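*Asks:* Dropping in model39.txt, with compact mmCIF, C-alpha atoms and all ligand atoms.
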```txt
# COMPACT_ATOMS: atom_id res chain seq x y z
CA MET F 25 8.00 6.00 -17.31
CA ALA F 26 8.36 5.24 -13.61
CA ASN F 27 8.62 1.81 -12.02
CA ILE F 28 5.91 1.73 -9.34
CA VAL F 29 6.12 -1.17 -6.90
CA ILE F 30 3.25 -2.17 -4.61
CA VAL F 31 3.51 -4.71 -1.79
CA TYR F 32 0.23 -5.62 -0.14
CA ASP F 33 -1.80 -8.44 1.33
CA SER F 34 -5.52 -9.07 1.35
CA LEU F 35 -7.46 -11.79 3.16
CA ARG F 36 -10.92 -11.14 1.78
CA GLY F 37 -10.29 -9.21 -1.45
CA ASN F 38 -10.85 -5.61 -0.35
CA THR F 39 -7.22 -4.50 -0.43
CA LYS F 40 -6.73 -6.38 -3.69
CA ARG F 41 -9.53 -4.33 -5.28
CA VAL F 42 -7.76 -1.15 -4.15
CA VAL F 43 -4.52 -2.39 -5.72
CA ASP F 44 -6.33 -3.22 -8.97
CA VAL F 45 -7.87 0.26 -9.17
CA MET F 46 -4.55 1.99 -8.38
CA SER F 47 -2.65 -0.18 -10.87
CA GLU F 48 -5.11 0.73 -13.61
CA LEU F 49 -4.70 4.45 -12.87
CA PHE F 50 -0.90 4.22 -12.90
CA THR F 51 -0.62 2.08 -16.03
CA GLY F 52 -3.20 4.33 -17.73
CA ALA F 53 -0.81 7.23 -17.10
CA GLY F 54 1.99 5.30 -18.83
CA HIS F 55 3.88 3.86 -15.84
CA ALA F 56 4.97 0.30 -15.09
CA VAL F 57 3.35 -1.29 -12.02
CA LYS F 58 4.48 -4.42 -10.21
CA ALA F 59 2.25 -5.65 -7.39
CA PHE F 60 3.65 -8.26 -5.02
CA LYS F 61 2.21 -10.30 -2.15
CA PRO F 62 4.54 -10.40 0.88
CA LYS F 63 5.96 -13.83 0.03
CA GLU F 64 6.88 -12.76 -3.52
CA ALA F 65 8.54 -9.42 -2.80
CA GLU F 66 12.33 -9.38 -2.76
CA VAL F 67 14.63 -6.66 -1.47
CA ALA F 68 15.90 -6.05 -5.03
CA ASP F 69 12.33 -5.40 -6.26
CA LEU F 70 11.92 -2.68 -3.65
CA GLU F 71 15.29 -1.12 -4.33
CA ALA F 72 14.48 -0.98 -8.07
CA ALA F 73 11.26 0.98 -7.45
CA ASP F 74 10.98 4.65 -8.37
CA PHE F 75 7.95 4.82 -6.08
CA LEU F 76 7.08 2.27 -3.40
CA LEU F 77 3.61 1.66 -2.01
CA LEU F 78 2.91 -0.59 0.97
CA GLY F 79 -0.66 -1.55 1.76
CA GLY F 80 -2.64 -3.81 4.03
CA PRO F 81 -5.87 -4.26 5.95
CA THR F 82 -6.55 -3.90 9.66
CA TYR F 83 -7.55 -6.99 11.61
CA HIS F 84 -8.13 -6.69 15.37
CA LYS F 85 -6.74 -3.15 15.41
CA ASP F 86 -3.49 -4.37 13.88
CA LEU F 87 -1.80 -4.68 10.50
CA ILE F 88 -2.38 -8.06 8.85
CA ASN F 89 0.33 -10.39 10.13
CA THR F 90 1.91 -11.30 6.78
CA MET F 91 2.68 -7.62 6.16
CA LYS F 92 4.06 -7.20 9.69
CA GLN F 93 6.44 -10.10 9.08
CA VAL F 94 7.66 -8.85 5.72
CA LEU F 95 8.52 -5.45 7.22
CA PHE F 96 11.45 -7.19 8.95
CA LYS F 97 12.73 -8.52 5.60
CA PHE F 98 12.43 -5.08 4.02
CA GLU F 99 14.70 -3.64 6.72
CA LYS F 100 17.56 -5.17 4.67
CA ALA F 101 16.67 -3.01 1.66
CA ASP F 102 18.30 0.35 1.10
CA LEU F 103 15.18 2.51 1.00
CA LYS F 104 16.58 5.69 2.49
CA GLY F 105 15.06 8.69 0.72
CA LYS F 106 12.95 6.52 -1.61
CA PRO F 107 9.63 8.17 -2.48
CA GLY F 108 6.62 6.24 -1.27
CA ALA F 109 3.23 6.12 0.37
CA ALA F 110 1.03 3.75 2.38
CA PHE F 111 -2.59 2.71 1.98
CA ALA F 112 -5.03 0.63 3.98
CA SER F 113 -8.35 -1.08 3.60
CA PHE F 114 -10.43 -0.92 6.75
CA GLY F 115 -13.82 -1.41 8.36
CA TRP F 116 -14.03 1.02 11.28
CA SER F 117 -10.64 1.98 12.75
CA GLY F 118 -7.85 1.34 10.23
CA GLU F 119 -4.74 1.11 12.43
CA SER F 120 -2.81 -0.63 9.64
CA LEU F 121 -2.22 2.65 7.84
CA GLY F 122 -0.31 4.27 10.70
CA ILE F 123 1.75 1.13 11.31
CA LEU F 124 2.88 0.99 7.69
CA GLU F 125 3.51 4.71 7.37
CA ASP F 126 5.46 4.92 10.66
CA THR F 127 7.67 2.02 9.60
CA MET F 128 8.32 3.54 6.18
CA LYS F 129 9.25 6.88 7.75
CA ASN F 130 11.15 5.83 10.86
CA LEU F 131 12.71 2.46 10.06
CA TYR F 132 13.30 2.74 6.31
CA GLU F 133 13.74 6.53 6.32
CA MET F 134 11.70 6.77 3.15
CA ASN F 135 10.44 10.02 1.72
CA ILE F 136 6.68 9.88 2.27
CA VAL F 137 5.67 12.29 -0.46
CA VAL F 138 1.92 11.71 -0.21
CA ASP F 139 -0.06 11.18 3.01
CA GLY F 140 -1.46 7.67 3.30
CA ILE F 141 -5.06 6.80 2.59
CA LYS F 142 -7.60 4.55 4.34
CA ILE F 143 -10.19 3.06 2.00
CA LYS F 144 -13.42 1.75 3.52
CA GLN F 145 -14.17 -1.89 2.66
CA THR F 146 -16.52 -2.24 -0.30
CA PRO F 147 -17.05 -4.63 -3.20
CA VAL F 148 -17.90 -1.67 -5.46
CA ALA F 149 -14.94 -0.71 -7.67
CA ALA F 150 -16.49 2.66 -8.57
CA LYS F 151 -16.55 3.70 -4.89
CA ILE F 152 -12.93 2.65 -4.46
CA LYS F 153 -11.96 4.59 -7.57
CA LYS F 154 -13.61 7.76 -6.24
CA GLU F 155 -11.60 7.54 -3.01
CA VAL F 156 -8.33 6.41 -4.56
CA GLU F 157 -8.19 8.76 -7.55
CA PRO F 158 -7.05 11.93 -5.69
CA PHE F 159 -4.37 9.87 -3.90
CA ALA F 160 -3.17 8.35 -7.18
CA GLN F 161 -3.17 11.77 -8.86
CA LYS F 162 -0.92 13.19 -6.12
CA ILE F 163 1.48 10.29 -6.62
CA LEU F 164 1.45 10.78 -10.38
CA ALA F 165 2.15 14.49 -9.94
CA SER F 166 5.20 13.65 -7.81
CA LEU F 167 6.81 11.33 -10.38
C1 LIG F 201 -12.28 -10.63 12.19
C2 LIG F 201 -12.17 -9.23 11.64
C3 LIG F 201 -11.55 -8.22 12.38
C4 LIG F 201 -11.46 -6.92 11.89
N1 LIG F 201 -10.89 -5.94 12.66
C5 LIG F 201 -10.88 -4.66 12.22
C6 LIG F 201 -10.39 -3.61 13.04
O1 LIG F 201 -9.93 -3.82 14.16
N2 LIG F 201 -10.43 -2.35 12.54
C7 LIG F 201 -10.90 -2.07 11.28
O2 LIG F 201 -10.87 -0.90 10.88
N3 LIG F 201 -11.39 -3.03 10.49
C8 LIG F 201 -11.38 -4.32 10.92
N4 LIG F 201 -11.88 -5.31 10.11
C9 LIG F 201 -12.36 -4.96 8.75
C10 LIG F 201 -11.26 -5.17 7.69
O3 LIG F 201 -10.19 -4.29 7.92
C11 LIG F 201 -11.85 -4.89 6.31
O4 LIG F 201 -12.82 -5.83 6.01
C12 LIG F 201 -10.78 -4.85 5.23
O5 LIG F 201 -11.35 -4.29 4.08
C13 LIG F 201 -10.27 -6.23 4.93
O6 LIG F 201 -9.36 -6.18 3.87
P1 LIG F 201 -9.04 -7.48 2.99
O7 LIG F 201 -10.33 -7.95 2.38
O8 LIG F 201 -8.07 -7.00 1.99
O9 LIG F 201 -8.45 -8.50 3.90
C14 LIG F 201 -11.97 -6.62 10.59
C15 LIG F 201 -12.57 -7.65 9.83
C16 LIG F 201 -12.68 -8.94 10.34
C17 LIG F 201 -13.32 -10.02 9.49
```
For the file at hand, write its structure as structure tokens.
*Replies:*
Amino acid sequence: MANIVIVYDSLRGNTKRVVDVMSELFTGAGHAVKAFKPKEAEVADLEAADFLLLGGPTYHKDLINTMKQVLFKFEKADLKGKPGAAFASFGWSGESLGILEDTMKNLYEMNIVVDGIKIKQTPVAAKIKKEVEPFAQKILASL
């Protein structure tokens, strides 16, 4: 059983729905999932993760500010070589994905084992599941 840690923020619920769908897929496969908002996530939580996911929406062609801020705090964590991936909820451009993934690769020197995914905003969980499932399956296969 792997310890999967997710840190994300969501202003209007779309990213939260993605996290809920992913968490269900991971727990259904027998893994432990801890999902944190930026304020709740501590360096020790990240270091304890077997797989670390960072996610956040794009607002005004940028990553949501609360996630940008917490990326400074996470610089104190020893994440070198840690397996992980990024995800983003978006409307039309989705710059948040690249910002997260670049930081994970270049600043934290994480091992990005699965390419990040952008999920188009929708209230429909079934649509999210269809998009997220192949991504989650790749993560599961890497554990
Ligand atoms: C004021 C505003 C600005 C936005 N700017 C962008 C943008 O620049 N690019 C984009 O892809 N989506 C943009 N979006 C769409 C959001 O990324 C999308 O709704 C996302 O699912 C929000 O996630 P959340 O509900 O978790 O906060 C914007 C939405 C709003 C309300």
*Asks:* Find the nearest atom pair between each residue of chain F and ligand LIG 201 (chain F) for residues within 9 Å, count all atoms listed in the file, give distances in Å to one decimal, sort rows by chain and ascending number, and present the table as a Markdown table.
*Replies:*
```
| residue | atom | partner | partner_atom | distance |
| --- | --- | --- | --- | --- |
| F:Tyr32 | CA | F:LIG201 | O8 | 8.7 |
| F:Asp33 | CA | F:LIG201 | O8 | 6.5 |
| F:Ser34 | CA | F:LIG201 | O8 | 3.3 |
| F:Leu35 | CA | F:LIG201 | O9 | 3.5 |
| F:Arg36 | CA | F:LIG201 | O7 | 3.3 |
| F:Gly37 | CA | F:LIG201 | O7 | 4.0 |
| F:Asn38 | CA | F:LIG201 | O7 | 3.6 |
| F:Thr39 | CA | F:LIG201 | O8 | 3.6 |
| F:Lys40 | CA | F:LIG201 | O8 | 5.9 |
| F:Arg41 | CA | F:LIG201 | O8 | 7.9 |
| F:Val42 | CA | F:LIG201 | O8 | 8.5 |
| F:Gly80 | CA | F:LIG201 | O8 | 6.6 |
| F:Pro81 | CA | F:LIG201 | O6 | 4.5 |
| F:Thr82 | CA | F:LIG201 | O3 | 4.1 |
| F:Tyr83 | CA | F:LIG201 | N1 | 3.7 |
| F:His84 | CA | F:LIG201 | O1 | 3.6 |
| F:Lys85 | CA | F:LIG201 | O1 | 3.5 |
| F:Asp86 | CA | F:LIG201 | O1 | 6.5 |
| F:Leu87 | CA | F:LIG201 | O3 | 8.8 |
| F:Ile88 | CA | F:LIG201 | O9 | 7.8 |
| F:Ala112 | CA | F:LIG201 | O5 | 8.0 |
| F:Ser113 | CA | F:LIG201 | O5 | 4.4 |
| F:Phe114 | CA | F:LIG201 | O3 | 3.6 |
| F:Gly115 | CA | F:LIG201 | N3 | 3.6 |
| F:Trp116 | CA | F:LIG201 | O2 | 3.7 |
| F:Ser117 | CA | F:LIG201 | O2 | 3.4 |
| F:Gly118 | CA | F:LIG201 | O2 | 3.8 |
| F:Glu119 | CA | F:LIG201 | O2 | 6.6 |
| F:Ser120 | CA | F:LIG201 | O2 | 8.2 |
| F:Ile143 | CA | F:LIG201 | O5 | 7.7 |
| F:Lys144 | CA | F:LIG201 | O5 | 6.4 |
| F:Gln145 | CA | F:LIG201 | O5 | 4.0 |
| F:Thr146 | CA | F:LIG201 | O5 | 7.1 |
```
*Asks:* For C-alpha atoms, I'd like the residues from the last selection saved as a tab-separated table (two decimals), keeping the file's coordinate frame.
*Replies:*
```tsv
chain	number	residue	atom	x	y	z
F	32	TYR	CA	0.23	-5.62	-0.14
F	33	ASP	CA	-1.80	-8.44	1.33
F	34	SER	CA	-5.52	-9.07	1.35
F	35	LEU	CA	-7.46	-11.79	3.16
F	36	ARG	CA	-10.92	-11.14	1.78
F	37	GLY	CA	-10.29	-9.21	-1.45
F	38	ASN	CA	-10.85	-5.61	-0.35
F	39	THR	CA	-7.22	-4.50	-0.43
F	40	LYS	CA	-6.73	-6.38	-3.69
F	41	ARG	CA	-9.53	-4.33	-5.28
F	42	VAL	CA	-7.76	-1.15	-4.15
F	80	GLY	CA	-2.64	-3.81	4.03
F	81	PRO	CA	-5.87	-4.26	5.95
F	82	THR	CA	-6.55	-3.90	9.66
F	83	TYR	CA	-7.55	-6.99	11.61
F	84	HIS	CA	-8.13	-6.69	15.37
F	85	LYS	CA	-6.74	-3.15	15.41
F	86	ASP	CA	-3.49	-4.37	13.88
F	87	LEU	CA	-1.80	-4.68	10.50
F	88	ILE	CA	-2.38	-8.06	8.85
F	112	ALA	CA	-5.03	0.63	3.98
F	113	SER	CA	-8.35	-1.08	3.60
F	114	PHE	CA	-10.43	-0.92	6.75
F	115	GLY	CA	-13.82	-1.41	8.36
F	116	TRP	CA	-14.03	1.02	11.28
F	117	SER	CA	-10.64	1.98	12.75
F	118	GLY	CA	-7.85	1.34	10.23
F	119	GLU	CA	-4.74	1.11	12.43
F	120	SER	CA	-2.81	-0.63	9.64
F	143	ILE	CA	-10.19	3.06	2.00
F	144	LYS	CA	-13.42	1.75	3.52
F	145	GLN	CA	-14.17	-1.89	2.66
F	146	THR	CA	-16.52	-2.24	-0.30
```
*Asks:* Would you work out the distance separating atom CA of F:Asp69 from atom CA of F:Ile28, expressed in Å to one decimal?
*Replies:* 10.1 Å
*Asks:* Which of these, F:Glu99, F:Pro147, F:Ala110, F:His55, has the shortest distance to F:Val31 once you count all atoms listed in the file?
*Replies:*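 For F:Val31, the nearest of the candidates is F:Ala110.
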*Asks:* Using only C-alpha atoms, give me every residue within 7 Å of (-4.7, 8.0, -11.6) in file coordinates, as a PyMOL selection string.
*Replies:* chain F and resi 46+49-50+53+157+160-161+164
*Asks:* Write out as a ChimeraX atom specification the residues lying within 9 Å of F:Phe75, counting only C-alpha atoms and excluding same-chain residues fewer than 6 positions away.
*Replies:* /F:26-30,106-109,163,167
*Asks:* List the spatial neighbours of F:Lys162 as JSON, numbers by chain - criterion: any atom at most 8 Å away, only C-alpha atoms, same-chain residues fewer than 4 positions off excluded.
*Replies:* {"F": [138, 158, 166]}
*Asks:* Skipping near chain neighbours, those fewer than 5 positions away, what residues fall within 12 Å of stretch 132-135 of chain F using only C-alpha atoms, listed as a ChimeraX atom specification?
*Replies:* /F:70-71,74-78,95-110,124-127,166
*Asks:* One decimal, Å: what's the distance from atom CA of F:Ile141 over to atom CA of F:Ser47, could you say?
*Replies:* 15.4 Å
*Asks:* So which one's closest to F:Ala165, F:Val137, F:Ala56, F:Val67, F:Ala149? Using all atoms listed in the file, please.
*Replies:* F:Val137
*Asks:* Hey, can I get the axis-aligned box for stretch 88-106 of chain F? All listed atoms, 4 Å padding on each side, centre and edge lengths in Å to one decimal, as lines of an AutoDock Vina configuration file.
*Replies:*
```
center_x = 8.0
center_y = -1.3
center_z = 4.3
size_x = 28.7
size_y = 28.0
size_z = 19.7
```
*Asks:* Could you tell me how far atom CA of F:Asn130 lies from atom CA of F:Val45, in Å and to one decimal?
*Replies:* 28.2 Å
*Asks:* Output requested as a PDB file, in the coordinates of the input - stretch 36-53 of chain F, filled out with N, CA and C atoms.
*Replies:*
```pdb
ATOM      1  N   ARG F  36      -9.556 -10.966   2.271  1.00  0.00           N
ATOM      2  CA  ARG F  36     -10.920 -11.140   1.780  1.00  0.00           C
ATOM      3  C   ARG F  36     -11.200 -10.312   0.529  1.00  0.00           C
ATOM      4  N   GLY F  37     -10.137  -9.835  -0.128  1.00  0.00           N
ATOM      5  CA  GLY F  37     -10.290  -9.210  -1.450  1.00  0.00           C
ATOM      6  C   GLY F  37     -10.411  -7.704  -1.483  1.00  0.00           C
ATOM      7  N   ASN F  38     -10.632  -7.067  -0.325  1.00  0.00           N
ATOM      8  CA  ASN F  38     -10.850  -5.610  -0.350  1.00  0.00           C
ATOM      9  C   ASN F  38      -9.587  -4.846  -0.724  1.00  0.00           C
ATOM     10  N   THR F  39      -8.466  -5.202  -0.111  1.00  0.00           N
ATOM     11  CA  THR F  39      -7.220  -4.500  -0.430  1.00  0.00           C
ATOM     12  C   THR F  39      -6.802  -4.809  -1.865  1.00  0.00           C
ATOM     13  N   LYS F  40      -7.071  -6.015  -2.307  1.00  0.00           N
ATOM     14  CA  LYS F  40      -6.730  -6.380  -3.690  1.00  0.00           C
ATOM     15  C   LYS F  40      -7.483  -5.495  -4.679  1.00  0.00           C
ATOM     16  N   ARG F  41      -8.751  -5.204  -4.377  1.00  0.00           N
ATOM     17  CA  ARG F  41      -9.530  -4.330  -5.280  1.00  0.00           C
ATOM     18  C   ARG F  41      -8.918  -2.928  -5.325  1.00  0.00           C
ATOM     19  N   VAL F  42      -8.415  -2.466  -4.176  1.00  0.00           N
ATOM     20  CA  VAL F  42      -7.760  -1.150  -4.150  1.00  0.00           C
ATOM     21  C   VAL F  42      -6.509  -1.169  -5.039  1.00  0.00           C
ATOM     22  N   VAL F  43      -5.752  -2.257  -4.919  1.00  0.00           N
ATOM     23  CA  VAL F  43      -4.520  -2.390  -5.720  1.00  0.00           C
ATOM     24  C   VAL F  43      -4.876  -2.425  -7.212  1.00  0.00           C
ATOM     25  N   ASP F  44      -5.932  -3.142  -7.560  1.00  0.00           N
ATOM     26  CA  ASP F  44      -6.330  -3.220  -8.970  1.00  0.00           C
ATOM     27  C   ASP F  44      -6.698  -1.842  -9.524  1.00  0.00           C
ATOM     28  N   VAL F  45      -7.451  -1.076  -8.729  1.00  0.00           N
ATOM     29  CA  VAL F  45      -7.870   0.260  -9.170  1.00  0.00           C
ATOM     30  C   VAL F  45      -6.638   1.170  -9.321  1.00  0.00           C
ATOM     31  N   MET F  46      -5.752   1.130  -8.318  1.00  0.00           N
ATOM     32  CA  MET F  46      -4.550   1.990  -8.380  1.00  0.00           C
ATOM     33  C   MET F  46      -3.679   1.600  -9.579  1.00  0.00           C
ATOM     34  N   SER F  47      -3.507   0.290  -9.773  1.00  0.00           N
ATOM     35  CA  SER F  47      -2.650  -0.180 -10.870  1.00  0.00           C
ATOM     36  C   SER F  47      -3.180   0.324 -12.208  1.00  0.00           C
ATOM     37  N   GLU F  48      -4.492   0.277 -12.354  1.00  0.00           N
ATOM     38  CA  GLU F  48      -5.110   0.730 -13.610  1.00  0.00           C
ATOM     39  C   GLU F  48      -4.837   2.224 -13.834  1.00  0.00           C
ATOM     40  N   LEU F  49      -4.940   3.002 -12.748  1.00  0.00           N
ATOM     41  CA  LEU F  49      -4.700   4.450 -12.870  1.00  0.00           C
ATOM     42  C   LEU F  49      -3.234   4.730 -13.234  1.00  0.00           C
ATOM     43  N   PHE F  50      -2.332   3.990 -12.628  1.00  0.00           N
ATOM     44  CA  PHE F  50      -0.900   4.220 -12.900  1.00  0.00           C
ATOM     45  C   PHE F  50      -0.515   3.746 -14.309  1.00  0.00           C
ATOM     46  N   THR F  51      -0.981   2.578 -14.693  1.00  0.00           N
ATOM     47  CA  THR F  51      -0.620   2.080 -16.030  1.00  0.00           C
ATOM     48  C   THR F  51      -1.283   2.962 -17.098  1.00  0.00           C
ATOM     49  N   GLY F  52      -2.491   3.425 -16.794  1.00  0.00           N
ATOM     50  CA  GLY F  52      -3.200   4.330 -17.730  1.00  0.00           C
ATOM     51  C   GLY F  52      -2.427   5.618 -17.957  1.00  0.00           C
ATOM     52  N   ALA F  53      -1.623   6.007 -16.961  1.00  0.00           N
ATOM     53  CA  ALA F  53      -0.810   7.230 -17.100  1.00  0.00           C
ATOM     54  C   ALA F  53       0.567   6.912 -17.686  1.00  0.00           C
TER      55      ALA F  53
END
```
